[in-house]
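The next block holds one structure in the form of structure tokens; read it before the comments.
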Amino acid sequence: MKEKEMAKKSQFELHESRLGTTDDSGHRVFLFPEEVKGIWKTRREIFYWFLIFVYLVLPWIYIQGEQMILLNIPAREFSFFTYKFYAHNAPILIFVILGFLFFIGFITSIFGRVWCGWACPQTVFISSIFLKLEALIEGKPRARKKLAEGPWTKEKLIKKSLKWIAFLAVSLHISHTFLGYFVGTHHLLSISFQNPAENFTLFTIMLLITTIVLLDFGWFREQFCIIACPYGRMQSVIMDENSLAILYDERRGEPRRQPGMKPEEHGDCINCYACVKACPTGIDIRRGVQLECIACTNCIDACDDIMLKTNRPTGLIRYDTQSNIEGKGRHIFSIRNISYLVVLIGLLIGFVYSVSMSQGITTTVLRGPGTPFTVSSPTTTRNHFHIVIEQSGEIVERNIEIAVEGIKEGSYEMKMPRNPFIFKSNHERKIVFIVFNNDVLTNGSLKFNFIIKDLDTNEEIIKEAVLVGPTK
């Protein structure tokens, strides 16, 4: 009897020196984590569906005829909540990227891997949709494991086919929604009914994204978290003993129950392996903080359920800090936390300042394509310029005039289709030709200024340019 109990125990005991998702030969072991119920599972599911709702609905919200979030890369136009940004606003992107990184660093230093367990698309979509579909078609975890390990039968073929068809449908929806953020949902909806050959590049991108989502969420799953995701490596640097993590209370749980032990001889851990069976990445949380842990809280709910059934207090596995588990207390803020927070506040201030400074008109002066200058006559030369005018923020109608200063009066003529002109779009390129007398040049060049003036507000933007021509 004792040997049977030991064999039962060893069935779920993980190897000390290799991943729980690999066997002795290094081949992948597919996981079928047990389903759990509990307060943490309920909280996560509510939050997951909130995130999915936001992801699916956000690109369909239009304000004043404009998509609320649109990243139009080909047009170099980006819309965020009625604000528009363009290629020349690229420095703002630095604040966004660095702000996100330091925000993750700050949150991780306090709350541990909360991103992985609560907000990562990998966790959200797999837990809320893909595993639910798999359970609906193939049954509970033990039934799925039996089906996977069994021979190919008609039943297995039908269930596997239905599952992957459902996965494909969901992946197509996820990829099309993703494209909606970059192409525009209304435009994407219209081209969806067209021949794919008419939008071959976009169609190819859609297929590529769908394939990645399908294989990652449907097959690769926890392997991405264990092997490919860099965040698991980063968190070991960012976290410290005062960071929240999902931890096993050794002082309460040890020694674990072993066959033949009396109740008073072991701690609260009865060695049931419920936490191991529920883990989606195949780890034993009782071995401490591990890179593979995604803080999904499954082990907390699984352990609490066992504690209630054995009339023991819950919380043997819980959100806590290593210092508190060891009886040292917890200090929420450390020099590391404060450093992250200070940098984050600085980036936020820089972002707000950059956005406020980017509103209104911005201009860029470019030399026209082709040769730098064209000789019009023995005494005159022509230069070709492109003046790019862009509006950021609210688009309003403006009466714009372009003038020149720094060139001797009467020695030049500026030619453009219309001046002044009404500017009421978010982007416009004006072609300007300046024909000038060669005697204004010094060694073949002359610096001067374009003045772009808003006639309604009298605001001016001055841009320096250079006239070039033949040397004397």
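Starting from 1 in every chain, residues are counted up; chains themselves are A, B, ... following the order of the structure tokens, and ligands are numbered from 1 as listed.
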Non-local contacts of Ile349 of chain A (12 Å; only C-alpha atoms; under 5 positions in same chain excluded) as JSON, numbers by chain: {"A": [92, 95, 96, 99, 342, 343, 344, 354, 355, 356]}
Tell me which protein, DNA and RNA residues are within 10 Å of segment 112-121 of chain A, counting only C-alpha atoms, leaving out same-chain ones fewer than 2 positions away, and put them as JSON, numbers by chain. {"A": [43, 44, 45, 47, 48, 51, 52, 104, 105, 106, 107, 108, 109, 110, 123, 124, 125, 126, 127, 217, 225, 231, 232, 235, 236, 238, 239, 240, 242, 243, 244, 245, 246, 293, 294, 295, 296, 297, 298, 319, 320, 321]}
Tell me, as a list in words, which residues lie within 10 Å of segment 439-448 of chain A, counting only C-alpha atoms; anything in the same chain fewer than 3 positions away does not count. Thr379, Thr380, Val404, Glu405, Gly406, Ile407, Lys408, Ser411, Tyr412, Phe436, Ile451, Ile462, Lys463, Glu464, Ala465, Val466, Leu467, Val468, Gly469, Pro470, Thr471 and Lys472 of chain A
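Atom CA of Phe111 of chain A is positioned 16.0 Å from atom CA of Ile300 of chain A.
Here the question is which of A:Phe182, A:Phe220, A:Phe32, A:Trp40 gets nearest to Glu138 of chain A using only C-alpha atoms, and that residue is A:Phe32.
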note - atom CA of Ser171 of chain A and atom CA of Phe203 of chain A are separated by 14.4 Å
Atom CA of Glu77 of chain A and atom CA of Pro59 of chain A, how far apart in Å?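 Separating atom CA of Pro59 of chain A from atom CA of Glu77 of chain A is a distance of 15.4 Å.
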Apply DSSP to the structure's backbone, then extract all residues of segment 23-257 of chain A labelled strand (DSSP E or B) and return them as a PyMOL selection string. chain A and resi 28+62-63+66-67+69-72+77-80+83-86+245-248
Which residues are near segment 262-265 of chain A? Cut-off 12 Å, only C-alpha atoms, ignore same chain within fewer than 6 positions. Put them as a compact mmCIF listing (two decimals) with all heavy atoms, in the first residue's frame.
```txt
# COMPACT_ATOMS: atom_id res chain seq x y z
N GLY A 253 3.70 25.45 5.68
CA GLY A 253 3.48 24.22 4.94
C GLY A 253 4.43 23.08 5.24
O GLY A 253 4.08 21.91 5.05
N GLU A 254 5.64 23.40 5.69
CA GLU A 254 6.64 22.36 5.90
C GLU A 254 6.63 21.85 7.35
O GLU A 254 6.34 22.62 8.27
CB GLU A 254 8.02 22.91 5.54
CG GLU A 254 8.15 23.39 4.11
CD GLU A 254 7.95 22.28 3.09
OE1 GLU A 254 8.38 21.14 3.37
OE2 GLU A 254 7.37 22.54 2.03
N PRO A 255 7.00 20.58 7.54
CA PRO A 255 7.26 19.57 6.49
C PRO A 255 5.96 19.12 5.84
O PRO A 255 4.91 19.08 6.48
CB PRO A 255 7.90 18.43 7.28
CG PRO A 255 7.34 18.57 8.67
CD PRO A 255 7.15 20.03 8.89
N ARG A 256 6.06 18.82 4.55
CA ARG A 256 4.89 18.36 3.82
C ARG A 256 4.50 16.95 4.28
O ARG A 256 5.35 16.17 4.71
CB ARG A 256 5.16 18.35 2.33
CG ARG A 256 5.59 19.68 1.76
CD ARG A 256 6.01 19.56 0.32
NE ARG A 256 6.78 20.71 -0.10
CZ ARG A 256 7.40 20.82 -1.25
NH1 ARG A 256 7.33 19.81 -2.13
NH2 ARG A 256 8.09 21.90 -1.55
N THR A 310 -9.91 20.59 3.93
CA THR A 310 -9.19 19.94 5.04
C THR A 310 -9.29 20.77 6.32
O THR A 310 -8.52 20.52 7.27
CB THR A 310 -7.72 19.72 4.67
OG1 THR A 310 -7.13 20.97 4.28
CG2 THR A 310 -7.59 18.73 3.53
N ARG A 312 -8.41 23.84 7.03
CA ARG A 312 -7.23 24.63 7.34
C ARG A 312 -7.42 26.05 6.81
O ARG A 312 -8.19 26.26 5.87
CB ARG A 312 -5.98 24.01 6.71
CG ARG A 312 -5.54 22.70 7.35
CD ARG A 312 -4.34 22.13 6.59
NE ARG A 312 -3.72 21.01 7.28
CZ ARG A 312 -4.12 19.75 7.21
NH1 ARG A 312 -5.15 19.44 6.44
NH2 ARG A 312 -3.49 18.79 7.89
```
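Proximity ranking of A:Cys272, A:Ile226, A:Met414, A:Ile332 relative to Gly20 of chain A places A:Ile226 first, based on only C-alpha atoms.
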As a PyMOL selection string, please: every residue in segment 134-235 of chain A that a backbone DSSP assignment puts in alpha helix (DSSP H). chain A and resi 134-138+141-149+154-183+185-191+200-215+222-223+231-235
Can you build me a table of segment 315-388 of chain A residues sitting at most 10 Å from segment 283-292 of chain A, with the closest atom pair per residue and its distance in Å to one decimal, using only C-alpha atoms, sorted by chain and residue number, as a tab-separated table?
```
residue	atom	partner	partner_atom	distance
A:Leu316	CA	A:Arg286	CA	9.9
A:Ile317	CA	A:Ile285	CA	8.2
A:Gln322	CA	A:Val289	CA	9.1
```
Just the selected residues (all heavy atoms), exported as a PDB file, in the first residue's frame, please.
```pdb
ATOM      1  N   LEU A 316      -2.100  29.420   2.154  1.00  0.00           N
ATOM      2  CA  LEU A 316      -0.820  28.719   2.171  1.00  0.00           C
ATOM      3  C   LEU A 316       0.016  29.124   0.953  1.00  0.00           C
ATOM      4  O   LEU A 316       1.227  29.301   1.034  1.00  0.00           O
ATOM      5  CB  LEU A 316      -1.056  27.205   2.179  1.00  0.00           C
ATOM      6  CG  LEU A 316       0.201  26.324   2.171  1.00  0.00           C
ATOM      7  CD1 LEU A 316       1.066  26.591   3.396  1.00  0.00           C
ATOM      8  CD2 LEU A 316      -0.184  24.846   2.096  1.00  0.00           C
ATOM      9  N   ILE A 317      -0.666  29.280  -0.177  1.00  0.00           N
ATOM     10  CA  ILE A 317      -0.064  29.916  -1.358  1.00  0.00           C
ATOM     11  C   ILE A 317      -0.839  31.207  -1.567  1.00  0.00           C
ATOM     12  O   ILE A 317      -2.068  31.190  -1.637  1.00  0.00           O
ATOM     13  CB  ILE A 317      -0.170  29.019  -2.600  1.00  0.00           C
ATOM     14  CG1 ILE A 317       0.566  27.699  -2.374  1.00  0.00           C
ATOM     15  CG2 ILE A 317       0.406  29.723  -3.831  1.00  0.00           C
ATOM     16  CD1 ILE A 317       0.385  26.692  -3.504  1.00  0.00           C
ATOM     17  N   GLN A 322       8.602  38.153  -0.398  1.00  0.00           N
ATOM     18  CA  GLN A 322       9.548  37.213   0.200  1.00  0.00           C
ATOM     19  C   GLN A 322       9.969  37.676   1.588  1.00  0.00           C
ATOM     20  O   GLN A 322      10.106  36.866   2.513  1.00  0.00           O
ATOM     21  CB  GLN A 322      10.775  37.062  -0.708  1.00  0.00           C
ATOM     22  CG  GLN A 322      11.706  35.921  -0.322  1.00  0.00           C
ATOM     23  CD  GLN A 322      11.044  34.559  -0.443  1.00  0.00           C
ATOM     24  OE1 GLN A 322      10.363  34.286  -1.416  1.00  0.00           O
ATOM     25  NE2 GLN A 322      11.227  33.710   0.567  1.00  0.00           N
TER      26      GLN A 322
END
```
For Thr21 of chain A, which residue among A:Gly410, A:Gly327, A:Gly260, A:Pro280 is the nearest when counting only C-alpha atoms? A:Pro280
Tell me, as a PDB file with all heavy atoms, in the first residue's frame, which residues lie within 10 Å of Gly180 of chain A, counting only C-alpha atoms; anything in the same chain fewer than 6 positions away does not count.
```pdb
ATOM      1  N   LEU A  56     -11.658  44.836 -28.893  1.00  0.00           N
ATOM      2  CA  LEU A  56     -12.532  44.614 -30.040  1.00  0.00           C
ATOM      3  C   LEU A  56     -13.365  45.842 -30.403  1.00  0.00           C
ATOM      4  O   LEU A  56     -13.664  46.063 -31.576  1.00  0.00           O
ATOM      5  CB  LEU A  56     -13.467  43.431 -29.752  1.00  0.00           C
ATOM      6  CG  LEU A  56     -12.814  42.057 -29.578  1.00  0.00           C
ATOM      7  CD1 LEU A  56     -13.861  41.019 -29.230  1.00  0.00           C
ATOM      8  CD2 LEU A  56     -12.057  41.648 -30.836  1.00  0.00           C
ATOM      9  N   LEU A  58     -12.764  49.279 -29.379  1.00  0.00           N
ATOM     10  CA  LEU A  58     -12.079  50.568 -29.501  1.00  0.00           C
ATOM     11  C   LEU A  58     -11.897  51.050 -30.944  1.00  0.00           C
ATOM     12  O   LEU A  58     -12.157  52.224 -31.233  1.00  0.00           O
ATOM     13  CB  LEU A  58     -10.725  50.493 -28.792  1.00  0.00           C
ATOM     14  CG  LEU A  58     -10.158  51.823 -28.276  1.00  0.00           C
ATOM     15  CD1 LEU A  58     -11.135  52.505 -27.337  1.00  0.00           C
ATOM     16  CD2 LEU A  58      -8.827  51.592 -27.578  1.00  0.00           C
ATOM     17  N   PRO A  59     -11.459  50.200 -31.884  1.00  0.00           N
ATOM     18  CA  PRO A  59     -11.273  50.716 -33.247  1.00  0.00           C
ATOM     19  C   PRO A  59     -12.570  51.058 -33.969  1.00  0.00           C
ATOM     20  O   PRO A  59     -12.534  51.674 -35.039  1.00  0.00           O
ATOM     21  CB  PRO A  59     -10.535  49.570 -33.956  1.00  0.00           C
ATOM     22  CG  PRO A  59     -10.906  48.353 -33.196  1.00  0.00           C
ATOM     23  CD  PRO A  59     -11.024  48.800 -31.766  1.00  0.00           C
ATOM     24  N   TRP A  60     -13.716  50.670 -33.406  1.00  0.00           N
ATOM     25  CA  TRP A  60     -15.001  50.982 -34.043  1.00  0.00           C
ATOM     26  C   TRP A  60     -15.627  52.258 -33.495  1.00  0.00           C
ATOM     27  O   TRP A  60     -16.719  52.646 -33.906  1.00  0.00           O
ATOM     28  CB  TRP A  60     -15.970  49.814 -33.854  1.00  0.00           C
ATOM     29  CG  TRP A  60     -15.580  48.614 -34.646  1.00  0.00           C
ATOM     30  CD1 TRP A  60     -14.885  47.528 -34.215  1.00  0.00           C
ATOM     31  CD2 TRP A  60     -15.852  48.383 -36.028  1.00  0.00           C
ATOM     32  NE1 TRP A  60     -14.697  46.636 -35.240  1.00  0.00           N
ATOM     33  CE2 TRP A  60     -15.281  47.132 -36.368  1.00  0.00           C
ATOM     34  CE3 TRP A  60     -16.511  49.104 -37.024  1.00  0.00           C
ATOM     35  CZ2 TRP A  60     -15.358  46.599 -37.654  1.00  0.00           C
ATOM     36  CZ3 TRP A  60     -16.595  48.579 -38.303  1.00  0.00           C
ATOM     37  CH2 TRP A  60     -16.024  47.336 -38.603  1.00  0.00           C
ATOM     38  N   GLN A  67     -11.731  57.938 -36.679  1.00  0.00           N
ATOM     39  CA  GLN A  67     -11.523  56.782 -35.816  1.00  0.00           C
ATOM     40  C   GLN A  67     -10.718  57.196 -34.594  1.00  0.00           C
ATOM     41  O   GLN A  67      -9.712  57.900 -34.700  1.00  0.00           O
ATOM     42  CB  GLN A  67     -10.787  55.681 -36.582  1.00  0.00           C
ATOM     43  CG  GLN A  67     -10.675  54.373 -35.804  1.00  0.00           C
ATOM     44  CD  GLN A  67     -10.168  53.239 -36.675  1.00  0.00           C
ATOM     45  OE1 GLN A  67     -10.565  53.102 -37.820  1.00  0.00           O
ATOM     46  NE2 GLN A  67      -9.273  52.412 -36.134  1.00  0.00           N
ATOM     47  N   ILE A  69      -8.716  55.676 -32.456  1.00  0.00           N
ATOM     48  CA  ILE A  69      -7.305  55.270 -32.487  1.00  0.00           C
ATOM     49  C   ILE A  69      -7.015  54.704 -33.864  1.00  0.00           C
ATOM     50  O   ILE A  69      -7.584  53.692 -34.262  1.00  0.00           O
ATOM     51  CB  ILE A  69      -6.988  54.231 -31.403  1.00  0.00           C
ATOM     52  CG1 ILE A  69      -7.166  54.839 -30.014  1.00  0.00           C
ATOM     53  CG2 ILE A  69      -5.566  53.707 -31.566  1.00  0.00           C
ATOM     54  CD1 ILE A  69      -6.830  53.902 -28.875  1.00  0.00           C
ATOM     55  N   LEU A  70      -6.131  55.366 -34.593  1.00  0.00           N
ATOM     56  CA  LEU A  70      -5.767  54.930 -35.936  1.00  0.00           C
ATOM     57  C   LEU A  70      -4.284  55.205 -36.156  1.00  0.00           C
ATOM     58  O   LEU A  70      -3.837  56.344 -36.034  1.00  0.00           O
ATOM     59  CB  LEU A  70      -6.596  55.662 -36.995  1.00  0.00           C
ATOM     60  CG  LEU A  70      -6.282  55.299 -38.456  1.00  0.00           C
ATOM     61  CD1 LEU A  70      -6.572  53.820 -38.721  1.00  0.00           C
ATOM     62  CD2 LEU A  70      -7.102  56.176 -39.405  1.00  0.00           C
ATOM     63  N   LEU A  71      -3.537  54.159 -36.464  1.00  0.00           N
ATOM     64  CA  LEU A  71      -2.100  54.276 -36.718  1.00  0.00           C
ATOM     65  C   LEU A  71      -1.858  54.053 -38.205  1.00  0.00           C
ATOM     66  O   LEU A  71      -1.514  52.959 -38.639  1.00  0.00           O
ATOM     67  CB  LEU A  71      -1.329  53.245 -35.880  1.00  0.00           C
ATOM     68  CG  LEU A  71      -1.693  53.183 -34.397  1.00  0.00           C
ATOM     69  CD1 LEU A  71      -0.955  52.049 -33.710  1.00  0.00           C
ATOM     70  CD2 LEU A  71      -1.392  54.507 -33.710  1.00  0.00           C
ATOM     71  N   ASN A  72      -2.083  55.085 -38.986  1.00  0.00           N
ATOM     72  CA  ASN A  72      -1.974  55.004 -40.442  1.00  0.00           C
ATOM     73  C   ASN A  72      -0.512  55.185 -40.851  1.00  0.00           C
ATOM     74  O   ASN A  72      -0.061  56.297 -41.131  1.00  0.00           O
ATOM     75  CB  ASN A  72      -2.855  56.065 -41.099  1.00  0.00           C
ATOM     76  CG  ASN A  72      -3.018  55.827 -42.592  1.00  0.00           C
ATOM     77  OD1 ASN A  72      -2.223  55.115 -43.213  1.00  0.00           O
ATOM     78  ND2 ASN A  72      -4.041  56.418 -43.170  1.00  0.00           N
ATOM     79  N   ILE A 174      -9.308  38.149 -34.463  1.00  0.00           N
ATOM     80  CA  ILE A 174      -8.269  38.887 -33.729  1.00  0.00           C
ATOM     81  C   ILE A 174      -7.364  39.636 -34.694  1.00  0.00           C
ATOM     82  O   ILE A 174      -7.036  40.812 -34.485  1.00  0.00           O
ATOM     83  CB  ILE A 174      -7.446  37.925 -32.849  1.00  0.00           C
ATOM     84  CG1 ILE A 174      -8.307  37.358 -31.719  1.00  0.00           C
ATOM     85  CG2 ILE A 174      -6.227  38.637 -32.271  1.00  0.00           C
ATOM     86  CD1 ILE A 174      -7.628  36.281 -30.898  1.00  0.00           C
ATOM     87  N   HIS A 186     -13.559  50.955 -41.094  1.00  0.00           N
ATOM     88  CA  HIS A 186     -14.507  51.116 -42.212  1.00  0.00           C
ATOM     89  C   HIS A 186     -13.854  50.714 -43.533  1.00  0.00           C
ATOM     90  O   HIS A 186     -14.474  50.024 -44.359  1.00  0.00           O
ATOM     91  CB  HIS A 186     -14.996  52.562 -42.275  1.00  0.00           C
ATOM     92  CG  HIS A 186     -15.929  52.913 -41.164  1.00  0.00           C
ATOM     93  ND1 HIS A 186     -16.425  54.191 -40.979  1.00  0.00           N
ATOM     94  CD2 HIS A 186     -16.469  52.150 -40.182  1.00  0.00           C
ATOM     95  CE1 HIS A 186     -17.239  54.198 -39.919  1.00  0.00           C
ATOM     96  NE2 HIS A 186     -17.269  52.977 -39.424  1.00  0.00           N
ATOM     97  N   HIS A 187     -12.617  51.128 -43.717  1.00  0.00           N
ATOM     98  CA  HIS A 187     -11.901  50.756 -44.940  1.00  0.00           C
ATOM     99  C   HIS A 187     -11.657  49.251 -44.979  1.00  0.00           C
ATOM    100  O   HIS A 187     -11.818  48.607 -46.023  1.00  0.00           O
ATOM    101  CB  HIS A 187     -10.573  51.509 -45.011  1.00  0.00           C
ATOM    102  CG  HIS A 187      -9.738  51.161 -46.198  1.00  0.00           C
ATOM    103  ND1 HIS A 187     -10.171  51.326 -47.498  1.00  0.00           N
ATOM    104  CD2 HIS A 187      -8.480  50.629 -46.291  1.00  0.00           C
ATOM    105  CE1 HIS A 187      -9.232  50.921 -48.341  1.00  0.00           C
ATOM    106  NE2 HIS A 187      -8.203  50.497 -47.636  1.00  0.00           N
ATOM    107  N   LEU A 188     -11.281  48.684 -43.833  1.00  0.00           N
ATOM    108  CA  LEU A 188     -11.026  47.242 -43.773  1.00  0.00           C
ATOM    109  C   LEU A 188     -12.292  46.454 -44.061  1.00  0.00           C
ATOM    110  O   LEU A 188     -12.252  45.417 -44.739  1.00  0.00           O
ATOM    111  CB  LEU A 188     -10.470  46.877 -42.391  1.00  0.00           C
ATOM    112  CG  LEU A 188     -10.058  45.423 -42.190  1.00  0.00           C
ATOM    113  CD1 LEU A 188      -8.878  45.072 -43.090  1.00  0.00           C
ATOM    114  CD2 LEU A 188      -9.689  45.166 -40.735  1.00  0.00           C
ATOM    115  N   LEU A 189     -13.426  46.939 -43.557  1.00  0.00           N
ATOM    116  CA  LEU A 189     -14.698  46.252 -43.806  1.00  0.00           C
ATOM    117  C   LEU A 189     -15.043  46.262 -45.281  1.00  0.00           C
ATOM    118  O   LEU A 189     -15.513  45.254 -45.832  1.00  0.00           O
ATOM    119  CB  LEU A 189     -15.804  46.920 -42.985  1.00  0.00           C
ATOM    120  CG  LEU A 189     -17.186  46.253 -43.035  1.00  0.00           C
ATOM    121  CD1 LEU A 189     -17.120  44.850 -42.450  1.00  0.00           C
ATOM    122  CD2 LEU A 189     -18.209  47.099 -42.278  1.00  0.00           C
TER     123      LEU A 189
END
```
When you count only C-alpha atoms, which of these residues is closest to Cys299 of chain A: A:Leu133, A:Leu14, A:Val36, A:Ile422?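 Using only C-alpha atoms, the shortest distance to Cys299 of chain A belongs to A:Val36.
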